[in-house]
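Shown here: my_file-v3.cif, mmCIF, C-alpha atoms and all ligand atoms.
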data_final
#
loop_
_atom_site.group_PDB
_atom_site.id
_atom_site.type_symbol
_atom_site.label_atom_id
_atom_site.label_comp_id
_atom_site.auth_asym_id
_atom_site.auth_seq_id
_atom_site.Cartn_x
_atom_site.Cartn_y
_atom_site.Cartn_z
ATOM 1 C CA MET V 258 17.710 -64.021 115.283
ATOM 2 C CA LYS V 259 15.767 -67.049 116.492
ATOM 3 C CA LYS V 260 16.593 -70.406 114.965
ATOM 4 C CA GLU V 261 12.974 -70.949 113.787
ATOM 5 C CA HIS V 262 12.888 -67.551 112.069
ATOM 6 C CA MET V 263 16.155 -68.251 110.204
ATOM 7 C CA LYS V 264 14.799 -71.623 109.082
ATOM 8 C CA ARG V 265 11.695 -69.902 107.624
ATOM 9 C CA ILE V 266 13.853 -67.359 105.726
ATOM 10 C CA GLY V 267 15.972 -70.235 104.371
ATOM 11 C CA CYS V 268 12.860 -72.051 103.110
ATOM 12 C CA GLY V 269 11.634 -68.832 101.457
ATOM 13 C CA ILE V 270 14.906 -68.378 99.548
ATOM 14 C CA HIS V 271 14.884 -72.043 98.528
ATOM 15 C CA ARG V 272 11.316 -71.705 97.159
ATOM 16 C CA LEU V 273 12.220 -68.480 95.336
ATOM 17 C CA ILE V 274 15.189 -70.099 93.558
ATOM 18 C CA HIS V 275 13.255 -73.205 92.612
ATOM 19 C CA SER V 276 10.123 -71.392 91.448
ATOM 20 C CA THR V 277 12.026 -69.048 89.077
ATOM 21 C CA THR V 278 11.309 -69.783 85.423
ATOM 22 C CA VAL V 279 13.057 -68.259 82.400
ATOM 23 C CA THR V 280 10.888 -66.489 79.842
ATOM 24 C CA TRP V 281 12.231 -66.259 76.274
ATOM 25 C CA THR V 282 11.743 -63.318 73.916
ATOM 26 C CA GLN V 283 11.501 -63.949 70.178
ATOM 27 C CA PRO V 284 13.833 -62.038 67.788
ATOM 28 C CA SER V 285 12.355 -58.853 66.334
ATOM 29 C CA PHE V 286 13.390 -59.576 62.718
ATOM 30 C CA PRO V 287 11.881 -62.206 60.404
ATOM 31 C CA SER V 288 13.672 -65.471 61.173
ATOM 32 C CA ALA V 289 13.078 -66.623 57.576
ATOM 33 C CA VAL V 290 15.904 -64.304 56.372
ATOM 34 C CA TRP V 291 18.758 -65.914 58.350
ATOM 35 C CA LYS V 292 19.109 -67.516 61.723
ATOM 36 C CA LEU V 293 21.614 -68.638 64.317
ATOM 37 C CA GLY V 294 22.214 -72.331 64.868
ATOM 38 C CA SER V 295 24.386 -74.157 67.395
ATOM 39 C CA LEU V 296 27.546 -73.092 69.133
ATOM 40 C CA ASN V 297 30.224 -74.606 66.887
ATOM 41 C CA HIS V 298 33.336 -73.942 68.963
ATOM 42 C CA VAL V 299 35.049 -71.850 71.588
ATOM 43 C CA ALA V 300 38.591 -70.898 70.566
ATOM 44 C CA ILE V 301 41.458 -70.668 73.035
ATOM 45 C CA ALA V 302 44.715 -68.933 72.126
ATOM 46 C CA THR V 303 47.752 -70.641 73.601
ATOM 47 C CA PRO V 304 51.473 -69.855 73.670
ATOM 48 C CA ASP V 305 52.262 -73.608 73.789
ATOM 49 C CA LEU V 306 50.087 -75.706 71.486
ATOM 50 C CA LYS V 307 51.656 -79.048 72.448
ATOM 51 C CA LYS V 308 51.187 -78.377 76.160
ATOM 52 C CA SER V 309 47.558 -77.283 75.684
ATOM 53 C CA THR V 310 46.840 -80.312 73.487
ATOM 54 C CA ALA V 311 48.318 -82.575 76.164
ATOM 55 C CA LEU V 312 46.150 -80.921 78.820
ATOM 56 C CA TYR V 313 42.921 -81.767 76.982
ATOM 57 C CA ARG V 314 44.067 -85.210 75.720
ATOM 58 C CA ASP V 315 46.119 -86.605 78.606
ATOM 59 C CA VAL V 316 44.784 -84.808 81.682
ATOM 60 C CA LEU V 317 41.136 -84.192 80.757
ATOM 61 C CA GLY V 318 40.787 -87.267 78.526
ATOM 62 C CA ALA V 319 39.320 -85.653 75.405
ATOM 63 C CA GLU V 320 39.738 -86.734 71.787
ATOM 64 C CA VAL V 321 41.897 -84.218 69.915
ATOM 65 C CA SER V 322 42.697 -83.637 66.236
ATOM 66 C CA ASP V 323 46.091 -83.368 64.575
ATOM 67 C CA ILE V 324 47.692 -79.956 64.282
ATOM 68 C CA GLN V 325 46.406 -78.176 61.185
ATOM 69 C CA ALA V 326 48.195 -75.172 59.633
ATOM 70 C CA LEU V 327 45.901 -72.504 58.177
ATOM 71 C CA PRO V 328 48.244 -69.909 56.634
ATOM 72 C CA ASP V 329 45.339 -67.840 55.220
ATOM 73 C CA HIS V 330 44.205 -67.192 58.807
ATOM 74 C CA GLY V 331 47.700 -67.039 60.362
ATOM 75 C CA VAL V 332 47.003 -69.881 62.784
ATOM 76 C CA TYR V 333 47.810 -73.445 63.759
ATOM 77 C CA THR V 334 44.719 -75.202 65.120
ATOM 78 C CA VAL V 335 43.955 -78.298 67.161
ATOM 79 C CA PHE V 336 40.324 -79.251 67.702
ATOM 80 C CA VAL V 337 39.156 -80.860 70.944
ATOM 81 C CA LYS V 338 35.985 -82.928 70.633
ATOM 82 C CA LEU V 339 33.248 -82.363 73.228
ATOM 83 C CA ASP V 340 29.747 -83.872 73.191
ATOM 84 C CA ASN V 341 27.922 -80.689 72.207
ATOM 85 C CA ALA V 342 30.607 -78.484 70.630
ATOM 86 C CA LYS V 343 34.352 -78.237 70.053
ATOM 87 C CA LEU V 344 37.249 -76.308 71.504
ATOM 88 C CA GLU V 345 39.714 -74.863 69.012
ATOM 89 C CA LEU V 346 43.248 -74.396 70.312
ATOM 90 C CA LEU V 347 44.956 -71.602 68.387
ATOM 91 C CA HIS V 348 48.633 -70.753 68.020
ATOM 92 C CA PRO V 349 50.193 -68.037 65.811
ATOM 93 C CA LEU V 350 51.461 -68.917 62.334
ATOM 94 C CA GLY V 351 53.489 -66.316 60.435
ATOM 95 C CA GLU V 352 54.450 -62.746 61.166
ATOM 96 C CA ASN V 353 51.049 -61.079 60.936
ATOM 97 C CA SER V 354 49.045 -63.578 62.930
ATOM 98 C CA PRO V 355 46.117 -62.019 64.837
ATOM 99 C CA ILE V 356 46.847 -64.573 67.563
ATOM 100 C CA GLN V 357 50.308 -63.082 68.162
ATOM 101 C CA ASN V 358 48.743 -59.706 68.944
ATOM 102 C CA PHE V 359 46.336 -61.384 71.337
ATOM 103 C CA LEU V 360 49.123 -63.331 73.063
ATOM 104 C CA ASN V 361 51.232 -60.169 73.405
ATOM 105 C CA LYS V 362 48.408 -58.786 75.537
ATOM 106 C CA ASN V 363 47.468 -62.091 77.214
ATOM 107 C CA LYS V 364 50.785 -63.849 77.877
ATOM 108 C CA THR V 365 49.363 -67.116 79.172
ATOM 109 C CA GLY V 366 46.627 -67.285 76.512
ATOM 110 C CA GLY V 367 42.873 -67.214 76.996
ATOM 111 C CA ILE V 368 39.503 -67.393 75.276
ATOM 112 C CA HIS V 369 39.949 -65.762 71.859
ATOM 113 C CA HIS V 370 36.561 -66.121 70.140
ATOM 114 C CA ILE V 371 33.314 -68.028 69.982
ATOM 115 C CA CYS V 372 31.913 -69.495 66.759
ATOM 116 C CA ILE V 373 28.176 -69.729 66.135
ATOM 117 C CA GLU V 374 26.603 -71.407 63.119
ATOM 118 C CA VAL V 375 24.304 -69.499 60.754
ATOM 119 C CA ASN V 376 22.252 -70.787 57.838
ATOM 120 C CA ASP V 377 23.029 -67.889 55.431
ATOM 121 C CA ILE V 378 26.256 -65.985 56.076
ATOM 122 C CA LYS V 379 25.812 -63.356 53.356
ATOM 123 C CA ALA V 380 22.305 -62.479 54.555
ATOM 124 C CA ALA V 381 23.660 -62.312 58.119
ATOM 125 C CA MET V 382 26.519 -59.999 57.064
ATOM 126 C CA LYS V 383 24.181 -57.667 55.153
ATOM 127 C CA ASP V 384 21.758 -57.467 58.037
ATOM 128 C CA LEU V 385 24.472 -57.005 60.696
ATOM 129 C CA LYS V 386 26.217 -54.248 58.690
ATOM 130 C CA GLU V 387 22.887 -52.397 58.511
ATOM 131 C CA GLN V 388 22.800 -52.650 62.313
ATOM 132 C CA ASN V 389 26.324 -51.167 62.585
ATOM 133 C CA ILE V 390 28.003 -54.410 63.617
ATOM 134 C CA ARG V 391 31.405 -54.426 61.902
ATOM 135 C CA CYS V 392 32.291 -57.527 59.875
ATOM 136 C CA LEU V 393 36.085 -57.930 59.864
ATOM 137 C CA SER V 394 36.217 -58.919 56.187
ATOM 138 C CA ASN V 395 34.103 -57.777 53.259
ATOM 139 C CA GLU V 396 33.563 -61.318 52.051
ATOM 140 C CA PRO V 397 33.375 -64.594 54.001
ATOM 141 C CA LYS V 398 36.631 -66.596 54.124
ATOM 142 C CA ILE V 399 36.912 -70.374 54.193
ATOM 143 C CA GLY V 400 37.388 -71.406 57.836
ATOM 144 C CA ALA V 401 38.884 -74.372 59.636
ATOM 145 C CA HIS V 402 36.019 -76.698 58.605
ATOM 146 C CA GLY V 403 36.128 -75.720 54.918
ATOM 147 C CA LYS V 404 33.000 -73.605 55.317
ATOM 148 C CA PRO V 405 32.459 -69.836 54.867
ATOM 149 C CA VAL V 406 33.209 -67.820 58.001
ATOM 150 C CA VAL V 407 33.263 -64.167 59.032
ATOM 151 C CA PHE V 408 34.398 -62.462 62.243
ATOM 152 C CA LEU V 409 32.461 -59.665 63.969
ATOM 153 C CA HIS V 410 34.320 -56.899 65.786
ATOM 154 C CA PRO V 411 34.599 -57.594 69.550
ATOM 155 C CA LYS V 412 33.864 -53.926 70.329
ATOM 156 C CA ASP V 413 30.424 -54.367 68.701
ATOM 157 C CA CYS V 414 29.707 -57.670 70.482
ATOM 158 C CA ASP V 415 30.128 -56.945 74.191
ATOM 159 C CA GLY V 416 33.910 -57.427 74.099
ATOM 160 C CA VAL V 417 33.694 -60.892 72.498
ATOM 161 C CA LEU V 418 35.167 -61.703 69.082
ATOM 162 C CA VAL V 419 32.355 -63.628 67.363
ATOM 163 C CA GLU V 420 32.863 -65.898 64.345
ATOM 164 C CA LEU V 421 29.873 -66.902 62.218
ATOM 165 C CA GLU V 422 30.167 -70.124 60.222
ATOM 166 C CA GLU V 423 27.712 -71.042 57.489
ATOM 167 C CA THR V 424 26.319 -74.506 58.055
ATOM 168 C CA LYS V 425 23.208 -76.208 56.733
ATOM 169 C CA LEU V 426 20.927 -75.944 59.798
HETATM 170 C C1 LIG R 501 40.648 -70.730 61.282
HETATM 171 C C2 LIG R 501 39.593 -69.825 61.822
HETATM 172 C C3 LIG R 501 38.360 -70.674 62.219
HETATM 173 O O1 LIG R 501 38.069 -70.909 63.412
HETATM 174 O O2 LIG R 501 37.689 -71.100 61.282
HETATM 175 C C4 LIG R 501 40.176 -69.079 62.996
HETATM 176 O O3 LIG R 501 39.998 -69.385 64.123
HETATM 177 S S1 LIG R 501 41.131 -67.761 62.616
HETATM 178 C C5 LIG R 501 41.470 -66.970 64.147
HETATM 179 C C6 LIG R 501 42.292 -65.763 63.958
HETATM 180 N N1 LIG R 501 41.621 -64.806 63.117
HETATM 181 C C7 LIG R 501 41.013 -63.698 63.604
HETATM 182 O O4 LIG R 501 41.018 -63.428 64.797
HETATM 183 C C8 LIG R 501 40.397 -62.780 62.574
HETATM 184 C C9 LIG R 501 39.619 -61.664 63.148
HETATM 185 N N2 LIG R 501 40.428 -60.851 64.044
HETATM 186 C C10 LIG R 501 40.834 -59.587 63.749
HETATM 187 O O5 LIG R 501 40.528 -59.045 62.675
HETATM 188 C C11 LIG R 501 41.675 -58.875 64.762
HETATM 189 O O6 LIG R 501 42.361 -59.818 65.554
HETATM 190 C C12 LIG R 501 40.861 -57.922 65.662
HETATM 191 C C13 LIG R 501 39.802 -58.632 66.483
HETATM 192 C C14 LIG R 501 40.192 -56.802 64.849
HETATM 193 C C15 LIG R 501 41.848 -57.259 66.637
HETATM 194 O O7 LIG R 501 42.810 -56.609 65.870
HETATM 195 P P1 LIG R 501 44.165 -56.083 66.493
HETATM 196 O O8 LIG R 501 44.749 -57.151 67.352
HETATM 197 O O9 LIG R 501 45.018 -55.524 65.393
HETATM 198 O O10 LIG R 501 43.705 -54.858 67.267
HETATM 199 P P2 LIG R 501 43.834 -54.457 68.754
HETATM 200 O O11 LIG R 501 44.734 -55.333 69.528
HETATM 201 O O12 LIG R 501 44.132 -53.024 68.735
HETATM 202 O O13 LIG R 501 42.352 -54.699 69.240
HETATM 203 C C16 LIG R 501 41.348 -53.722 69.200
HETATM 204 C C17 LIG R 501 40.528 -53.906 70.455
HETATM 205 O O14 LIG R 501 39.886 -55.181 70.404
HETATM 206 C C18 LIG R 501 40.281 -55.976 71.521
HETATM 207 N N3 LIG R 501 40.463 -57.358 71.080
HETATM 208 C C19 LIG R 501 41.367 -57.811 70.220
HETATM 209 N N4 LIG R 501 41.238 -59.137 70.053
HETATM 210 C C20 LIG R 501 40.224 -59.518 70.853
HETATM 211 C C21 LIG R 501 39.614 -60.764 71.142
HETATM 212 N N5 LIG R 501 40.038 -61.876 70.548
HETATM 213 N N6 LIG R 501 38.594 -60.797 72.004
HETATM 214 C C22 LIG R 501 38.156 -59.649 72.610
HETATM 215 N N7 LIG R 501 38.689 -58.428 72.370
HETATM 216 C C23 LIG R 501 39.717 -58.382 71.519
HETATM 217 C C24 LIG R 501 41.602 -55.367 71.983
HETATM 218 O O15 LIG R 501 41.840 -55.626 73.347
HETATM 219 C C25 LIG R 501 41.385 -53.897 71.711
HETATM 220 O O16 LIG R 501 40.642 -53.319 72.748
HETATM 221 P P3 LIG R 501 41.137 -52.022 73.527
HETATM 222 O O17 LIG R 501 41.211 -50.981 72.439
HETATM 223 O O18 LIG R 501 40.057 -51.748 74.521
HETATM 224 O O19 LIG R 501 42.461 -52.394 74.112
#

Could you render the structure from this file as structure tokens?
Ligand SMILES: C[C@@H](C(=O)O)C(=O)SCCNC(=O)CCNC(=O)[C@H](O)C(C)(C)COP(=O)(O)OP(=O)(O)OC[C@H]1O[C@@H](n2cnc3c(N)ncnc32)[C@H](O)[C@@H]1OP(=O)(O)O
Amino acid sequence: MKKEHMKRIGCGIHRLIHSTTVTWTQPSFPSAVWKLGSLNHVAIATPDLKKSTALYRDVLGAEVSDIQALPDHGVYTVFVKLDNAKLELLHPLGENSPIQNFLNKNKTGGIHHICIEVNDIKAAMKDLKEQNIRCLSNEPKIGAHGKPVVFLHPKDCDGVLVELEETKL
């Protein structure tokens, strides 16, 4: 292929990439009932909480919280502060911790769930149940930030465990 021809193809691709715009589609249900807010956190399960905390604090230079024990959820947590959201480092607490199951399958740890804020958790749960999305508890529990939370089954959410947290939006 001639050099000039290749240059023209290159310019065409460049223009195509730079002229692409994203179009957004509005939700099909009335947003007055309940709505999603910001990403609150991404949770990472780790077999070594001290090592993971040191990675974010000492290597990556982030501000981190103290270790918090949440026996009702079967986890120890450390929060890592980012500008627009948080990371939640999770380690098993107790014999029936859901994190232990996850770590048995993912020995070195990995992304465990994402947490998205909602303005009305009960309305969200009612609506999602009607759409056959399984909520993993019948009632919201109090989560790591002292606010009501509920988890949605990963098999109903494209393989991702999703936590909803009620926050005033
Ligand atoms: C403090 C609080 C907060 O932030 O406020 C927290 O973080 S509490 C964080 C900890 N709490 C929770 O995770 C509560 C909600 N989680 C749960 O109820 C459970 O962990 C489930 C998600 C239902 C999984 O239950 P369990 O481990 O007994 O079942 P399982 O291993 O047979 O999993 C069933 C299927 O789901 C998949 N699966 C399991 N955990 C997953 C995860 N985290 N992300 C994506 N997929 C996952 C498995 O690979 C399996 O798929 P295959 O069948 O294809 O192999």

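The smallest atom-to-atom distance between Gly318 (chain V) and any of V:Leu306, V:Leu409, V:Leu339, V:Val290, using all atoms listed in the file, is found for V:Leu339.
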
Provide the CA of Gly294 (chain V) to CA of Glu374 (chain V) distance in Å, to one decimal place.
4.8 Å

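The space between CA of Asn358 (chain V) and CA of Gly400 (chain V) spans 19.7 Å.
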
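Closest approach to ligand LIG 501 (chain R) from the set V:Glu387, V:Asp315, V:Asp415, V:Glu352 is made by V:Asp415, with distances taken over all atoms listed in the file.
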
Produce as a ChimeraX atom specification the set of residues near ligand LIG 501 (chain R), where near means within 6 Å with only C-alpha atoms and all ligand atoms considered.
/V:330,355-356,358-359,369-370,393,400-401,408,410-411,416-418
